Amino acid sequence: MTSETITASASGTWKLGDLTVNRIGFGAMRLPQTGRALVPDAVPRDREQAISVLRRAVELGVNHIDTAAFYFSGLRSANELINRALAPYPEDLVITTKVGQPRDPSGAWLPHAGPQQLRGLVEENLRQLGRDHLDVVNLRIVGTDSIAERFGALAELREAGLIRHLGLSNVHPHHLTEAQAIAPVVCVQNMYGLGVRPDQDAFVRTCGEQGVAFVPFYAIAATGGQAGASDSDHPEILAVARAQGASPAQVRIAWTLHRGPHVLAIPGTGDPGHLASNVAAGGLRLSEDEVAFLDSLHRRNL
């Protein structure tokens, strides 16, 4: 790709409710630590590096940051790093957070929060971010059980003005239907990417048909998940990357954005170089033949 600085605006825009965001955003999960995230023994990241990455992201036009109060290591909290780096917040910055299953101070996962506990989790995010309301809150769940009571509790907080818009994370299609009967849903955040969860393809399309943003997590990391992307990639993806003069990670991001105008990308990193490369992927234009080729790889679930 060109060495000219490409900003997040190259990816186009989408609206989360009444909030317009560039389709390339930033995921904060990797900021509090180096290496594997969401584990008790995570190695804290250098504070100034994390702050500089956040500030550079905004300079590059990122106006959608995904975070959570449970993104932390022994010394770092993603929310508090965001607060320190970016407050007072730019007017166009949209911060999306999620609640559902908290972690204790040691980093161990606690049981999923019931309806009565969700207000406390929302208030924890408000305090850490230094906000009087949250732009978007995703209810994150594990399993297939009904979410009506829990989503209803968040809908009440939306009515009270603590939350502007609501979303869902790690859900099944029937959860979207269930939630929409209670309150508007602006986004669905599920694991998805090139060769990852092709069974989600129909759900991605359904979200687009209903005007709901689909926000994949681990779109670059793929099966690496919380450990991050590996140093190598599938040979056929490498071939497309070479043809484009791009990195495999950029090809994965570009393919993700090609899944529909409602699909957003939130690649996360603590490395300034990777950040610039991820943002620039929003300007990568795959040919029709390349998209068809990558689609075929995706269906093979590589």
# chains A, B, ... in the order shown; residues from 1 in each chain; ligands from 1
call {"tool": "closest_atom_pairs", "arguments": {"of": "stretch 126-147 of chain A", "to": "stretch 86-90 of chain A", "cutoff": "12 Å", "atoms": "only C-alpha atoms", "output": "Markdown table"}}
result
| residue | atom | partner | partner_atom | distance |
| --- | --- | --- | --- | --- |
| A:Gln128 | CA | A:Ala87 | CA | 11.4 |
| A:Leu129 | CA | A:Ala87 | CA | 8.5 |
| A:Gly130 | CA | A:Ala87 | CA | 8.0 |
| A:Arg131 | CA | A:Tyr89 | CA | 9.4 |
call {"tool": "write_last_selection", "arguments": {"atoms": "N, CA and C atoms", "output": "PDB file, in the first residue's frame"}}
result
ATOM      1  N   GLN A 128     -14.926   5.026  35.600  1.00  0.00           N
ATOM      2  CA  GLN A 128     -13.594   4.861  35.023  1.00  0.00           C
ATOM      3  C   GLN A 128     -13.375   5.753  33.810  1.00  0.00           C
ATOM      4  N   LEU A 129     -14.413   5.916  33.012  1.00  0.00           N
ATOM      5  CA  LEU A 129     -14.285   6.729  31.803  1.00  0.00           C
ATOM      6  C   LEU A 129     -14.495   8.218  32.071  1.00  0.00           C
ATOM      7  N   GLY A 130     -15.020   8.548  33.249  1.00  0.00           N
ATOM      8  CA  GLY A 130     -15.264   9.948  33.559  1.00  0.00           C
ATOM      9  C   GLY A 130     -16.395  10.541  32.742  1.00  0.00           C
ATOM     10  N   ARG A 131     -17.437   9.750  32.524  1.00  0.00           N
ATOM     11  CA  ARG A 131     -18.570  10.192  31.711  1.00  0.00           C
ATOM     12  C   ARG A 131     -19.838  10.263  32.554  1.00  0.00           C
TER      13      ARG A 131
END
call {"tool": "closest_atom_pairs", "arguments": {"of": "stretch 173-219 of chain A", "to": "stretch 14-17 of chain A", "cutoff": "12 Å", "atoms": "only C-alpha atoms", "output": "CSV"}}
result
residue,atom,partner,partner_atom,distance
A:Pro184,CA,A:Gly17,CA,8.7
A:Val185,CA,A:Gly17,CA,8.4
A:Val186,CA,A:Leu16,CA,5.4
A:Cys187,CA,A:Leu16,CA,7.0
A:Val188,CA,A:Leu16,CA,10.7
A:Gly208,CA,A:Trp14,CA,11.2
A:Gly211,CA,A:Lys15,CA,9.1
A:Val212,CA,A:Leu16,CA,7.9
A:Ala213,CA,A:Leu16,CA,7.1
A:Phe214,CA,A:Leu16,CA,10.4
A:Val215,CA,A:Leu16,CA,11.0
call {"tool": "residues_around", "arguments": {"residues": "A:His174", "least_positions_apart": "6", "cutoff": "12 Å", "atoms": "only C-alpha atoms", "output": "JSON list (two decimals) with N, CA and C atoms, in the first residue's frame"}}
result
[["chain", "number", "residue", "atom", "x", "y", "z"],
["A", 143, "GLY", "N", -23.85, -18.41, 26.12],
["A", 143, "GLY", "CA", -24.94, -19.36, 26.15],
["A", 143, "GLY", "C", -26.12, -18.96, 25.31],
["A", 144, "THR", "N", -27.19, -19.71, 25.43],
["A", 144, "THR", "CA", -28.37, -19.51, 24.59],
["A", 144, "THR", "C", -29.62, -19.13, 25.39],
["A", 145, "ASP", "N", -29.48, -18.96, 26.70],
["A", 145, "ASP", "CA", -30.64, -18.66, 27.53],
["A", 145, "ASP", "C", -31.24, -17.29, 27.20],
["A", 146, "SER", "N", -32.45, -17.07, 27.63],
["A", 146, "SER", "CA", -33.13, -15.80, 27.42],
["A", 146, "SER", "C", -32.33, -14.64, 28.02],
["A", 147, "ILE", "N", -32.33, -13.53, 27.30],
["A", 147, "ILE", "CA", -31.66, -12.32, 27.79],
["A", 147, "ILE", "C", -32.67, -11.24, 28.18],
["A", 148, "ALA", "N", -33.94, -11.57, 28.15],
["A", 148, "ALA", "CA", -34.98, -10.55, 28.31],
["A", 148, "ALA", "C", -34.83, -9.74, 29.60],
["A", 168, "LEU", "N", -25.49, -5.84, 21.57],
["A", 168, "LEU", "CA", -25.36, -7.20, 22.07],
["A", 168, "LEU", "C", -23.99, -7.74, 21.71],
["A", 180, "GLN", "N", -34.78, -6.84, 20.46],
["A", 180, "GLN", "CA", -35.45, -5.80, 19.70],
["A", 180, "GLN", "C", -36.91, -5.63, 20.11],
["A", 181, "ALA", "N", -37.47, -6.64, 20.73],
["A", 181, "ALA", "CA", -38.84, -6.52, 21.24],
["A", 181, "ALA", "C", -38.89, -5.66, 22.50],
["A", 203, "PHE", "N", -26.19, -14.51, 9.80],
["A", 203, "PHE", "CA", -26.48, -13.53, 10.86],
["A", 203, "PHE", "C", -25.93, -12.16, 10.47],
["A", 206, "THR", "N", -28.38, -10.75, 8.11],
["A", 206, "THR", "CA", -29.61, -10.36, 8.81],
["A", 206, "THR", "C", -29.43, -9.00, 9.50],
["A", 207, "CYS", "N", -28.30, -8.83, 10.14],
["A", 207, "CYS", "CA", -28.04, -7.54, 10.80],
["A", 207, "CYS", "C", -28.08, -6.41, 9.78]]
call {"tool": "closest_atom_pairs", "arguments": {"of": "stretch 96-201 of chain A", "to": "stretch 250-262 of chain A", "cutoff": "10 Å", "atoms": "only C-alpha atoms", "output": "Markdown table"}}
result
| residue | atom | partner | partner_atom | distance |
| --- | --- | --- | --- | --- |
| A:Cys187 | CA | A:His262 | CA | 9.2 |
| A:Tyr192 | CA | A:Thr256 | CA | 8.6 |
| A:Gly193 | CA | A:Thr256 | CA | 6.3 |
| A:Leu194 | CA | A:Arg252 | CA | 6.1 |
| A:Gly195 | CA | A:Arg252 | CA | 9.5 |
| A:Asp201 | CA | A:Arg259 | CA | 8.8 |
call {"tool": "write_last_selection", "arguments": {"atoms": "C-alpha atoms", "output": "PDB file, in the first residue's frame"}}
result
ATOM      1  CA  CYS A 187     -24.949  -3.274  17.021  1.00  0.00           C
ATOM      2  CA  TYR A 192     -16.037 -13.413  13.144  1.00  0.00           C
ATOM      3  CA  GLY A 193     -13.385 -13.025  10.477  1.00  0.00           C
ATOM      4  CA  LEU A 194     -11.843 -14.475   7.346  1.00  0.00           C
ATOM      5  CA  GLY A 195     -12.090 -18.230   7.825  1.00  0.00           C
ATOM      6  CA  ASP A 201     -22.579 -15.355   7.526  1.00  0.00           C
TER       7      ASP A 201
END
call {"tool": "residues_around", "arguments": {"residues": "stretch 237-239 of chain A", "least_positions_apart": "5", "cutoff": "9 Å", "atoms": "only C-alpha atoms", "output": "MDAnalysis selection string"}}
result
chainID A and resid 232 244 247:248 251:252 294 297
call {"tool": "residues_around", "arguments": {"residues": "A:Asn190", "least_positions_apart": "5", "cutoff": "10 Å", "atoms": "only C-alpha atoms", "output": "number ranges by chain"}}
result
A: 140, 168-172, 197, 200, 203-204, 214-219
call {"tool": "write_last_selection", "arguments": {"atoms": "all heavy atoms", "output": "short mmCIF file (atom, residue, chain, number, x, y, z; two decimals), in the first residue's frame"}}
result
data_model
loop_
_atom_site.label_atom_id
_atom_site.label_comp_id
_atom_site.auth_asym_id
_atom_site.auth_seq_id
_atom_site.Cartn_x
_atom_site.Cartn_y
_atom_site.Cartn_z
N ARG A 140 -23.09 -8.46 27.06
CA ARG A 140 -22.30 -9.61 26.65
C ARG A 140 -22.77 -10.85 27.41
O ARG A 140 -22.89 -10.81 28.64
CB ARG A 140 -20.81 -9.39 26.90
CG ARG A 140 -19.95 -10.52 26.34
CD ARG A 140 -18.49 -10.38 26.68
NE ARG A 140 -17.70 -11.40 26.00
CZ ARG A 140 -17.59 -12.66 26.39
NH1 ARG A 140 -18.22 -13.07 27.48
NH2 ARG A 140 -16.85 -13.53 25.71
N LEU A 168 -25.49 -5.84 21.57
CA LEU A 168 -25.36 -7.20 22.07
C LEU A 168 -23.99 -7.74 21.71
O LEU A 168 -23.42 -7.38 20.67
CB LEU A 168 -26.43 -8.10 21.46
CG LEU A 168 -27.89 -7.73 21.72
CD1 LEU A 168 -28.81 -8.56 20.83
CD2 LEU A 168 -28.25 -7.93 23.19
N SER A 169 -23.47 -8.64 22.53
CA SER A 169 -22.16 -9.24 22.25
C SER A 169 -22.19 -10.73 22.54
O SER A 169 -22.72 -11.16 23.57
CB SER A 169 -21.08 -8.56 23.11
OG SER A 169 -19.81 -9.14 22.88
N ASN A 170 -21.60 -11.49 21.61
CA ASN A 170 -21.47 -12.93 21.76
C ASN A 170 -22.83 -13.62 21.81
O ASN A 170 -23.08 -14.46 22.66
CB ASN A 170 -20.65 -13.27 23.02
CG ASN A 170 -20.02 -14.64 22.95
OD1 ASN A 170 -19.47 -15.03 21.93
ND2 ASN A 170 -20.09 -15.38 24.04
N VAL A 171 -23.69 -13.25 20.88
CA VAL A 171 -25.09 -13.70 20.93
C VAL A 171 -25.45 -14.56 19.72
O VAL A 171 -24.70 -14.68 18.75
CB VAL A 171 -26.05 -12.50 21.01
CG1 VAL A 171 -25.87 -11.76 22.32
CG2 VAL A 171 -25.87 -11.56 19.81
N HIS A 172 -26.67 -15.10 19.79
CA HIS A 172 -27.25 -15.89 18.71
C HIS A 172 -28.38 -15.07 18.06
O HIS A 172 -28.90 -14.12 18.67
CB HIS A 172 -27.79 -17.21 19.25
CG HIS A 172 -26.73 -18.10 19.82
ND1 HIS A 172 -26.11 -19.09 19.09
CD2 HIS A 172 -26.15 -18.13 21.05
CE1 HIS A 172 -25.22 -19.70 19.84
NE2 HIS A 172 -25.22 -19.14 21.04
N ARG A 197 -15.72 -18.66 11.87
CA ARG A 197 -17.16 -18.70 12.07
C ARG A 197 -17.95 -18.39 10.79
O ARG A 197 -18.81 -17.50 10.76
CB ARG A 197 -17.57 -17.71 13.17
CG ARG A 197 -17.02 -17.97 14.55
CD ARG A 197 -17.56 -19.25 15.17
NE ARG A 197 -19.01 -19.32 15.17
CZ ARG A 197 -19.79 -18.74 16.10
NH1 ARG A 197 -19.24 -18.06 17.10
NH2 ARG A 197 -21.10 -18.85 16.04
N GLN A 200 -21.63 -17.76 10.82
CA GLN A 200 -22.21 -16.46 11.16
C GLN A 200 -22.63 -15.66 9.94
O GLN A 200 -23.24 -14.60 10.07
CB GLN A 200 -21.18 -15.62 11.95
CG GLN A 200 -20.87 -16.14 13.34
CD GLN A 200 -21.89 -15.69 14.36
OE1 GLN A 200 -22.00 -14.51 14.67
NE2 GLN A 200 -22.65 -16.63 14.88
N PHE A 203 -26.19 -14.51 9.80
CA PHE A 203 -26.48 -13.53 10.86
C PHE A 203 -25.93 -12.16 10.47
O PHE A 203 -26.57 -11.13 10.72
CB PHE A 203 -25.87 -14.01 12.17
CG PHE A 203 -26.38 -13.30 13.40
CD1 PHE A 203 -27.55 -12.56 13.38
CD2 PHE A 203 -25.66 -13.37 14.60
CE1 PHE A 203 -28.01 -11.90 14.53
CE2 PHE A 203 -26.09 -12.73 15.74
CZ PHE A 203 -27.27 -11.99 15.71
N VAL A 204 -24.75 -12.15 9.85
CA VAL A 204 -24.18 -10.88 9.38
C VAL A 204 -25.14 -10.23 8.39
O VAL A 204 -25.42 -9.02 8.47
CB VAL A 204 -22.80 -11.11 8.72
CG1 VAL A 204 -22.29 -9.82 8.10
CG2 VAL A 204 -21.80 -11.63 9.75
N PHE A 214 -22.76 -4.84 12.46
CA PHE A 214 -22.13 -6.07 12.89
C PHE A 214 -20.66 -5.75 13.13
O PHE A 214 -19.97 -5.25 12.23
CB PHE A 214 -22.28 -7.18 11.85
CG PHE A 214 -21.87 -8.54 12.36
CD1 PHE A 214 -22.80 -9.38 12.95
CD2 PHE A 214 -20.56 -8.97 12.28
CE1 PHE A 214 -22.43 -10.63 13.44
CE2 PHE A 214 -20.18 -10.21 12.75
CZ PHE A 214 -21.12 -11.05 13.35
N VAL A 215 -20.19 -6.02 14.35
CA VAL A 215 -18.85 -5.60 14.76
C VAL A 215 -18.05 -6.84 15.17
O VAL A 215 -18.17 -7.31 16.31
CB VAL A 215 -18.92 -4.60 15.94
CG1 VAL A 215 -17.54 -4.00 16.20
CG2 VAL A 215 -19.95 -3.50 15.66
N PRO A 216 -17.26 -7.41 14.27
CA PRO A 216 -16.54 -8.63 14.60
C PRO A 216 -15.42 -8.39 15.60
O PRO A 216 -14.72 -7.36 15.54
CB PRO A 216 -15.94 -9.08 13.26
CG PRO A 216 -16.64 -8.27 12.21
CD PRO A 216 -17.04 -7.01 12.88
N PHE A 217 -15.23 -9.33 16.52
CA PHE A 217 -14.00 -9.31 17.31
C PHE A 217 -13.12 -10.49 16.90
O PHE A 217 -13.61 -11.49 16.37
CB PHE A 217 -14.26 -9.27 18.82
CG PHE A 217 -15.08 -10.39 19.41
CD1 PHE A 217 -14.50 -11.61 19.71
CD2 PHE A 217 -16.42 -10.21 19.70
CE1 PHE A 217 -15.25 -12.64 20.29
CE2 PHE A 217 -17.19 -11.22 20.27
CZ PHE A 217 -16.59 -12.45 20.56
N TYR A 218 -11.82 -10.32 17.09
CA TYR A 218 -10.80 -11.28 16.66
C TYR A 218 -10.75 -11.41 15.14
O TYR A 218 -10.36 -12.44 14.60
CB TYR A 218 -11.00 -12.67 17.28
CG TYR A 218 -10.98 -12.70 18.78
CD1 TYR A 218 -11.63 -13.71 19.49
CD2 TYR A 218 -10.33 -11.71 19.53
CE1 TYR A 218 -11.62 -13.75 20.88
CE2 TYR A 218 -10.31 -11.73 20.92
CZ TYR A 218 -10.96 -12.75 21.58
OH TYR A 218 -10.96 -12.79 22.96
N ALA A 219 -11.11 -10.34 14.42
CA ALA A 219 -11.09 -10.39 12.95
C ALA A 219 -9.67 -10.58 12.41
O ALA A 219 -9.49 -11.17 11.35
CB ALA A 219 -11.71 -9.13 12.37
#
call {"tool": "residues_around", "arguments": {"residues": "A:Asp66", "least_positions_apart": "3", "cutoff": "8 Å", "atoms": "only C-alpha atoms", "output": "NGL selection string"}}
result
:A and (25-28 or 95-97 or 266)
call {"tool": "write_last_selection", "arguments": {"atoms": "N, CA, C and O atoms", "output": "compact mmCIF listing (two decimals), in the first residue's frame"}}
result
# COMPACT_ATOMS: atom_id res chain seq x y z
N GLY A 25 -12.45 1.23 13.58
CA GLY A 25 -12.36 1.74 14.95
C GLY A 25 -11.15 1.14 15.65
O GLY A 25 -10.18 0.71 15.00
N PHE A 26 -11.22 1.08 16.96
CA PHE A 26 -10.08 0.59 17.75
C PHE A 26 -10.62 -0.21 18.93
O PHE A 26 -11.49 0.25 19.68
N GLY A 27 -10.10 -1.41 19.10
CA GLY A 27 -10.45 -2.24 20.24
C GLY A 27 -9.41 -2.12 21.33
O GLY A 27 -8.21 -2.26 21.07
N ALA A 28 -9.84 -1.87 22.55
CA ALA A 28 -8.92 -1.56 23.65
C ALA A 28 -8.48 -2.77 24.47
O ALA A 28 -7.73 -2.62 25.43
N ILE A 95 -17.61 5.95 22.37
CA ILE A 95 -17.01 4.89 23.18
C ILE A 95 -18.07 3.84 23.46
O ILE A 95 -19.11 4.11 24.05
N THR A 96 -17.77 2.64 22.99
CA THR A 96 -18.67 1.50 23.20
C THR A 96 -18.08 0.61 24.29
O THR A 96 -16.89 0.29 24.24
N THR A 97 -18.89 0.24 25.25
CA THR A 97 -18.41 -0.67 26.28
C THR A 97 -19.35 -1.85 26.39
O THR A 97 -20.34 -1.94 25.66
N ILE A 266 -12.80 -3.34 14.54
CA ILE A 266 -12.23 -2.76 15.74
C ILE A 266 -10.91 -3.45 16.10
O ILE A 266 -10.75 -3.96 17.21
